[in-house]
Structure formats: C-alpha cells, structure tokens
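Okay, start-v8.cif is below, mmCIF, C-alpha atoms:
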```
data_final
loop_
_atom_site.group_PDB
_atom_site.id
_atom_site.type_symbol
_atom_site.label_atom_id
_atom_site.label_comp_id
_atom_site.auth_asym_id
_atom_site.auth_seq_id
_atom_site.Cartn_x
_atom_site.Cartn_y
_atom_site.Cartn_z
ATOM 1 C CA MET A 4 -80.035 -98.415 38.791
ATOM 2 C CA PRO A 5 -83.811 -98.801 38.475
ATOM 3 C CA LYS A 6 -86.004 -96.947 40.964
ATOM 4 C CA ILE A 7 -87.859 -99.272 43.320
ATOM 5 C CA GLN A 8 -91.173 -97.868 44.592
ATOM 6 C CA ILE A 9 -92.534 -100.594 46.841
ATOM 7 C CA ALA A 10 -92.556 -98.764 50.190
ATOM 8 C CA GLN A 11 -94.332 -95.756 48.663
ATOM 9 C CA ASP A 12 -92.019 -93.536 50.716
ATOM 10 C CA PRO A 13 -89.233 -91.647 48.898
ATOM 11 C CA ALA A 14 -86.466 -92.254 51.472
ATOM 12 C CA ALA A 15 -87.348 -95.914 52.014
ATOM 13 C CA ASP A 16 -87.641 -96.547 48.271
ATOM 14 C CA GLU A 17 -84.319 -94.815 47.629
ATOM 15 C CA LEU A 18 -82.657 -97.185 50.096
ATOM 16 C CA LEU A 19 -84.297 -100.205 48.421
ATOM 17 C CA SER A 20 -83.078 -98.925 45.056
ATOM 18 C CA THR A 21 -79.473 -98.426 46.145
ATOM 19 C CA ASP A 22 -78.826 -101.064 48.813
ATOM 20 C CA SER A 23 -79.177 -104.718 47.831
ATOM 21 C CA PHE A 24 -79.209 -105.940 51.433
ATOM 22 C CA ALA A 25 -82.041 -103.511 52.238
ATOM 23 C CA LEU A 26 -84.059 -104.957 49.341
ATOM 24 C CA LEU A 27 -83.396 -108.498 50.585
ATOM 25 C CA VAL A 28 -84.447 -107.525 54.135
ATOM 26 C CA GLY A 29 -87.622 -105.900 52.800
ATOM 27 C CA MET A 30 -88.497 -109.193 51.120
ATOM 28 C CA LEU A 31 -87.741 -111.069 54.345
ATOM 29 C CA LEU A 32 -90.134 -108.788 56.253
ATOM 30 C CA ASP A 33 -92.900 -109.184 53.647
ATOM 31 C CA GLN A 34 -95.061 -111.681 55.511
ATOM 32 C CA GLN A 35 -98.105 -111.190 57.733
ATOM 33 C CA PHE A 36 -97.582 -107.447 57.355
ATOM 34 C CA PRO A 37 -98.593 -104.854 54.715
ATOM 35 C CA MET A 38 -96.017 -105.020 51.918
ATOM 36 C CA GLU A 39 -95.236 -101.317 51.779
ATOM 37 C CA ARG A 40 -94.613 -101.271 55.548
ATOM 38 C CA ALA A 41 -92.426 -104.378 55.290
ATOM 39 C CA PHE A 42 -90.288 -102.770 52.597
ATOM 40 C CA ALA A 43 -90.063 -99.564 54.690
ATOM 41 C CA GLY A 44 -88.474 -101.621 57.495
ATOM 42 C CA PRO A 45 -84.907 -101.389 56.194
ATOM 43 C CA ALA A 46 -85.090 -97.568 56.257
ATOM 44 C CA LYS A 47 -86.169 -97.716 59.916
ATOM 45 C CA ILE A 48 -83.244 -100.009 60.671
ATOM 46 C CA LYS A 49 -80.799 -97.707 58.900
ATOM 47 C CA ASP A 50 -82.196 -94.634 60.693
ATOM 48 C CA ARG A 51 -81.871 -96.338 64.082
ATOM 49 C CA PHE A 52 -78.768 -98.481 63.582
ATOM 50 C CA GLY A 53 -76.884 -96.126 61.268
ATOM 51 C CA THR A 54 -76.215 -98.603 58.461
ATOM 52 C CA MET A 55 -77.609 -101.560 56.534
ATOM 53 C CA ASP A 56 -74.143 -103.126 56.285
ATOM 54 C CA PRO A 57 -74.771 -106.860 56.755
ATOM 55 C CA VAL A 58 -71.401 -107.368 58.458
ATOM 56 C CA GLU A 59 -72.233 -104.782 61.129
ATOM 57 C CA ILE A 60 -75.778 -106.087 61.539
ATOM 58 C CA ALA A 61 -74.503 -109.668 61.849
ATOM 59 C CA HIS A 62 -72.166 -108.646 64.674
ATOM 60 C CA ALA A 63 -74.592 -106.333 66.497
ATOM 61 C CA ASP A 64 -75.643 -107.219 70.024
ATOM 62 C CA PRO A 65 -78.784 -109.340 69.499
ATOM 63 C CA GLU A 66 -80.756 -107.768 72.385
ATOM 64 C CA ALA A 67 -79.924 -104.205 71.363
ATOM 65 C CA PHE A 68 -80.743 -104.991 67.714
ATOM 66 C CA ALA A 69 -84.053 -106.596 68.723
ATOM 67 C CA ASP A 70 -84.856 -103.504 70.804
ATOM 68 C CA LEU A 71 -84.279 -101.138 67.893
ATOM 69 C CA CYS A 72 -86.370 -103.340 65.560
ATOM 70 C CA SER A 73 -89.303 -103.575 67.973
ATOM 71 C CA THR A 74 -89.371 -99.936 69.125
ATOM 72 C CA PRO A 75 -92.563 -98.283 67.813
ATOM 73 C CA PRO A 76 -93.064 -97.844 64.996
ATOM 74 C CA ALA A 77 -91.639 -101.362 64.776
ATOM 75 C CA ILE A 78 -90.151 -102.778 61.577
ATOM 76 C CA HIS A 79 -92.746 -105.578 61.680
ATOM 77 C CA ARG A 80 -95.604 -106.772 63.854
ATOM 78 C CA TYR A 81 -93.120 -109.386 65.152
ATOM 79 C CA GLY A 82 -90.190 -106.997 65.494
ATOM 80 C CA ARG A 83 -88.051 -109.027 67.908
ATOM 81 C CA SER A 84 -88.283 -112.331 66.040
ATOM 82 C CA MET A 85 -87.693 -110.553 62.720
ATOM 83 C CA ALA A 86 -84.605 -108.891 64.212
ATOM 84 C CA ARG A 87 -83.172 -112.366 64.833
ATOM 85 C CA ARG A 88 -84.010 -113.433 61.268
ATOM 86 C CA ILE A 89 -82.400 -110.281 59.864
ATOM 87 C CA GLN A 90 -79.209 -110.980 61.825
ATOM 88 C CA ASP A 91 -79.222 -114.598 60.612
ATOM 89 C CA LEU A 92 -79.644 -113.356 57.028
ATOM 90 C CA ALA A 93 -76.880 -110.772 57.535
ATOM 91 C CA LYS A 94 -74.512 -113.524 58.731
ATOM 92 C CA VAL A 95 -75.080 -115.559 55.564
ATOM 93 C CA VAL A 96 -74.609 -112.498 53.321
ATOM 94 C CA ALA A 97 -71.471 -111.500 55.221
ATOM 95 C CA GLU A 98 -69.916 -114.961 55.265
ATOM 96 C CA GLU A 99 -70.970 -116.409 51.914
ATOM 97 C CA TYR A 100 -71.241 -113.299 49.725
ATOM 98 C CA GLY A 101 -68.575 -111.024 51.197
ATOM 99 C CA GLY A 102 -71.225 -108.645 52.524
ATOM 100 C CA ASP A 103 -72.625 -107.970 49.017
ATOM 101 C CA ALA A 104 -76.209 -109.248 48.852
ATOM 102 C CA SER A 105 -76.490 -108.442 45.138
ATOM 103 C CA ARG A 106 -74.055 -111.296 44.435
ATOM 104 C CA ILE A 107 -76.871 -113.694 45.349
ATOM 105 C CA TRP A 108 -78.693 -112.747 42.146
ATOM 106 C CA THR A 109 -76.026 -111.211 39.912
ATOM 107 C CA GLU A 110 -73.781 -114.282 40.136
ATOM 108 C CA ALA A 111 -76.592 -116.830 39.705
ATOM 109 C CA THR A 112 -75.946 -118.949 36.607
ATOM 110 C CA SER A 113 -79.621 -119.765 35.987
ATOM 111 C CA GLY A 114 -83.090 -119.344 37.402
ATOM 112 C CA ALA A 115 -82.697 -122.711 39.140
ATOM 113 C CA ASP A 116 -79.364 -121.600 40.646
ATOM 114 C CA LEU A 117 -80.966 -118.366 41.876
ATOM 115 C CA MET A 118 -83.802 -120.374 43.439
ATOM 116 C CA LYS A 119 -81.236 -122.607 45.185
ATOM 117 C CA ARG A 120 -79.316 -119.579 46.483
ATOM 118 C CA LEU A 121 -82.460 -117.874 47.788
ATOM 119 C CA ARG A 122 -83.860 -121.049 49.387
ATOM 120 C CA ALA A 123 -80.578 -121.397 51.307
ATOM 121 C CA LEU A 124 -81.207 -118.024 52.992
ATOM 122 C CA PRO A 125 -82.821 -117.889 56.444
ATOM 123 C CA GLY A 126 -86.504 -116.976 56.147
ATOM 124 C CA PHE A 127 -86.780 -117.657 52.399
ATOM 125 C CA GLY A 128 -89.212 -120.452 51.604
ATOM 126 C CA GLU A 129 -90.203 -121.462 48.099
ATOM 127 C CA GLN A 130 -92.911 -118.826 47.598
ATOM 128 C CA LYS A 131 -90.768 -115.957 48.914
ATOM 129 C CA ALA A 132 -87.887 -117.104 46.691
ATOM 130 C CA LYS A 133 -90.175 -117.213 43.628
ATOM 131 C CA ILE A 134 -91.453 -113.700 44.330
ATOM 132 C CA PHE A 135 -87.917 -112.370 44.822
ATOM 133 C CA ILE A 136 -86.756 -113.954 41.561
ATOM 134 C CA ALA A 137 -89.630 -112.167 39.805
ATOM 135 C CA LEU A 138 -88.751 -108.925 41.619
ATOM 136 C CA VAL A 139 -85.098 -108.855 40.553
ATOM 137 C CA ALA A 140 -86.018 -109.906 36.997
ATOM 138 C CA LYS A 141 -88.887 -107.463 36.489
ATOM 139 C CA GLN A 142 -87.536 -104.467 38.389
ATOM 140 C CA LEU A 143 -83.751 -104.824 38.300
ATOM 141 C CA GLY A 144 -83.396 -106.538 34.929
ATOM 142 C CA VAL A 145 -81.472 -109.450 36.490
ATOM 143 C CA ALA A 146 -82.998 -112.296 34.513
ATOM 144 C CA PRO A 147 -80.819 -115.407 34.369
ATOM 145 C CA ALA A 148 -81.862 -118.097 31.896
ATOM 146 C CA GLY A 149 -84.899 -119.941 33.192
ATOM 147 C CA TRP A 150 -85.951 -117.253 35.656
ATOM 148 C CA GLU A 151 -89.568 -117.403 34.442
ATOM 149 C CA LYS A 152 -89.793 -121.120 35.246
ATOM 150 C CA ALA A 153 -88.133 -120.579 38.633
ATOM 151 C CA ALA A 154 -90.502 -117.696 39.460
ATOM 152 C CA GLY A 155 -93.606 -119.665 38.449
ATOM 153 C CA ASP A 156 -96.786 -117.607 38.223
ATOM 154 C CA TYR A 157 -94.970 -114.620 39.762
ATOM 155 C CA GLY A 158 -92.971 -114.297 36.546
ATOM 156 C CA LYS A 159 -96.113 -113.774 34.479
ATOM 157 C CA GLU A 160 -97.469 -110.410 33.392
ATOM 158 C CA GLY A 161 -100.014 -108.933 35.786
ATOM 159 C CA PHE A 162 -100.251 -107.760 39.358
ATOM 160 C CA ARG A 163 -99.621 -110.866 41.462
ATOM 161 C CA SER A 164 -97.001 -109.812 44.008
ATOM 162 C CA VAL A 165 -94.603 -107.184 45.276
ATOM 163 C CA ALA A 166 -92.566 -107.892 42.123
ATOM 164 C CA ASP A 167 -95.255 -105.995 40.193
ATOM 165 C CA VAL A 168 -95.483 -102.937 42.471
ATOM 166 C CA VAL A 169 -94.072 -99.859 40.744
ATOM 167 C CA ASP A 170 -96.464 -97.122 41.939
ATOM 168 C CA PRO A 171 -99.564 -96.614 44.146
ATOM 169 C CA ASP A 172 -101.917 -97.890 41.413
ATOM 170 C CA SER A 173 -100.026 -101.168 40.937
ATOM 171 C CA LEU A 174 -99.846 -101.586 44.738
ATOM 172 C CA GLN A 175 -103.654 -101.465 44.867
ATOM 173 C CA LYS A 176 -103.941 -103.909 41.948
ATOM 174 C CA VAL A 177 -101.669 -106.394 43.750
ATOM 175 C CA ARG A 178 -103.758 -105.981 46.932
ATOM 176 C CA ASP A 179 -106.942 -106.623 44.926
ATOM 177 C CA PHE A 180 -105.391 -109.724 43.315
ATOM 178 C CA LYS A 181 -104.325 -111.136 46.704
ATOM 179 C CA LYS A 182 -107.747 -110.444 48.206
ATOM 180 C CA ALA A 183 -109.477 -112.210 45.303
ATOM 181 C CA ALA A 184 -107.078 -115.165 45.546
ATOM 182 C CA LYS A 185 -107.748 -115.530 49.298
ATOM 183 C CA ALA A 186 -111.508 -115.376 48.713
ATOM 184 C CA ALA A 187 -111.270 -118.016 45.971
ATOM 185 C CA ALA A 188 -109.184 -120.295 48.203
ATOM 186 C CA LYS A 189 -111.644 -119.875 51.059
ATOM 187 C CA ALA A 190 -114.602 -120.611 48.752
ATOM 188 C CA ALA A 191 -112.859 -123.741 47.441
ATOM 189 C CA LYS A 192 -112.437 -125.040 51.017
ATOM 190 C CA GLY A 193 -115.956 -124.127 52.111
#
```
Represent the structure from my file as structure tokens, please.
Amino acid sequence: MPKIQIAQDPAADELLSTDSFALLVGMLLDQQFPMERAFAGPAKIKDRFGTMDPVEIAHADPEAFADLCSTPPAIHRYGRSMARRIQDLAKVVAEEYGGDASRIWTEATSGADLMKRLRALPGFGEQKAKIFIALVAKQLGVAPAGWEKAAGDYGKEGFRSVADVVDPDSLQKVRDFKKAAKAAAKAAKG
C-alpha cells in the first residue's frame, strides 16, 4: 500500500496509510484547521479510543467520544462538533459499507459514482469530495474512469490540495498555492 505522508508524523501517517476509515476521517477534519493537524486527528482518536473501527466508533457513547475528541490537544478546533460528525460518518460506513471505508472508492464504477458516494457521506460537500477523489487517485492509485472530471482542478498536476501532499516540501507548496488563491479571491472582491 502506498505511504501517505500528509500528517508529517510517522505514526499518524502510518495509520492513514493502513486504515481507510482513518484516511476518510482525516479528510473530514480538513476544514478550518491546518491540514497536517487534521490528518493527525485519527491517530489521536486511536490512541485515546483504542481503535478506528467505524462500528465501534458509531456505537460509542456520544458524550464520552466528544470528550476524548476535545481533550487537549484536541483533534480539531471544534472537537466536540467534529466528534458528532465522525460518529455520523462511522454509522454510514458501518451500515452501508460493512465497516470497510475503502469500499467507498474501490467499488466505485466511475468518477461520477465515486462523487455520488462521497457526497452522500456526512460532512462531505462538493469541494471535499473532489479533493478526496484526487487524493485516492493520485496517492492510492484508485482512479475509476472519469475521476479527473469528477475531481475538477484538484485532479490536475500541481500543488492545489492535500491530494498533492507527499512530503514537507509539497505541503509548503500547497500552503503557498492556497494563500495565493485566497489573496486573488480577496483582490477580485475588493
């Protein structure tokens, strides 16, 4: 299996590389929070909860799970609300994919089907789904027909998103790209 290096932490990246639900949760957490810290969240959950098994997470006591997600260092700046989203995501993976998150992308029949599957997940809007499609295609080699169209600009070569982070240098290039894009958007409004 390919080695994911988004969290820039060996233990967290190992979990992302070997646990499909952890990778999905990292993507869920990647909003309003530094990407490497978001993708380190699943390792914190596993350390505190003992597993990343979506069936166990889905059935965990919501208050206790929220407590472990918000305990400093929290998994996200909004640890309690993200805990609820993670449990909602775990329920879908447990009920619709037999607890195997990788089935979401490995069983997709096309890029459009993968987009539909991802958009049906709690917390996955269109942009997050596009980025995740690019991530599984570029880093895991799961590239159903039409994935490039489904991923949009995130499927292109370059350093546009977490899908392009493979080391500290590429992480910085993605940060620089996002900063430039925000500045351009702000200038266009102003």
**Fill in**
Correct to one decimal, the distance CA of Gln34 (chain A)-CA of Glu98 (chain A) is 25.4 Å
**Message:** So that I can see what lies close to Tyr81 (chain A), please list as an MDAnalysis selection string the residues with an atom at most 10 Å from it, counting only C-alpha atoms and leaving out residues fewer than 5 positions away in the same chain.
**Reply:** chainID A and resid 32 35:36 72:73 86
**Prompt:** If we count all atoms listed in the file, what is near Phe42 (chain A) at a cut-off of 8 Å, once residues fewer than 5 positions away on the same chain are taken out, given as a ChimeraX atom specification?
**Reply:** /A:9-10,15,19,26,28-30,32-33
**Message:** So that I can check the surroundings of region 126-140 of chain A, please list as a list in words every protein, DNA and RNA residue that reaches within 7 Å of it, counting all atoms listed in the file and ignoring chain neighbours fewer than 3 positions away.
**Reply:** Leu31, Arg88, Met118, Leu121, Arg122, Leu143, Gly144, Val145, Ala146, Trp150, Ala153, Ala154, Gly155, Tyr157, Gly158, Ser164 and Ala166 of chain A
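If you apply the PyMOL selection byres ((chain A and resi 176-187) around 12) to this structure, you end up with A:Ile9, A:Pro37, A:Met38, A:Glu39, A:Tyr157, A:Glu160, A:Gly161, A:Phe162, A:Arg163, A:Ser164, A:Val165, A:Ala166, A:Asp167, A:Val168, A:Val169, A:Asp170, A:Pro171, A:Asp172, A:Ser173, A:Leu174, A:Gln175, A:Ala188, A:Lys189, A:Ala190, A:Ala191, A:Lys192, A:Gly193.
What the PyMOL selection byres ((chain A and resi 93) around 8) picks from this file is Pro57, Val58, Ile60, Ala61, Ile89, Gln90, Asp91, Leu92, Lys94, Val95, Val96, Ala97 and Gly102 of chain A.
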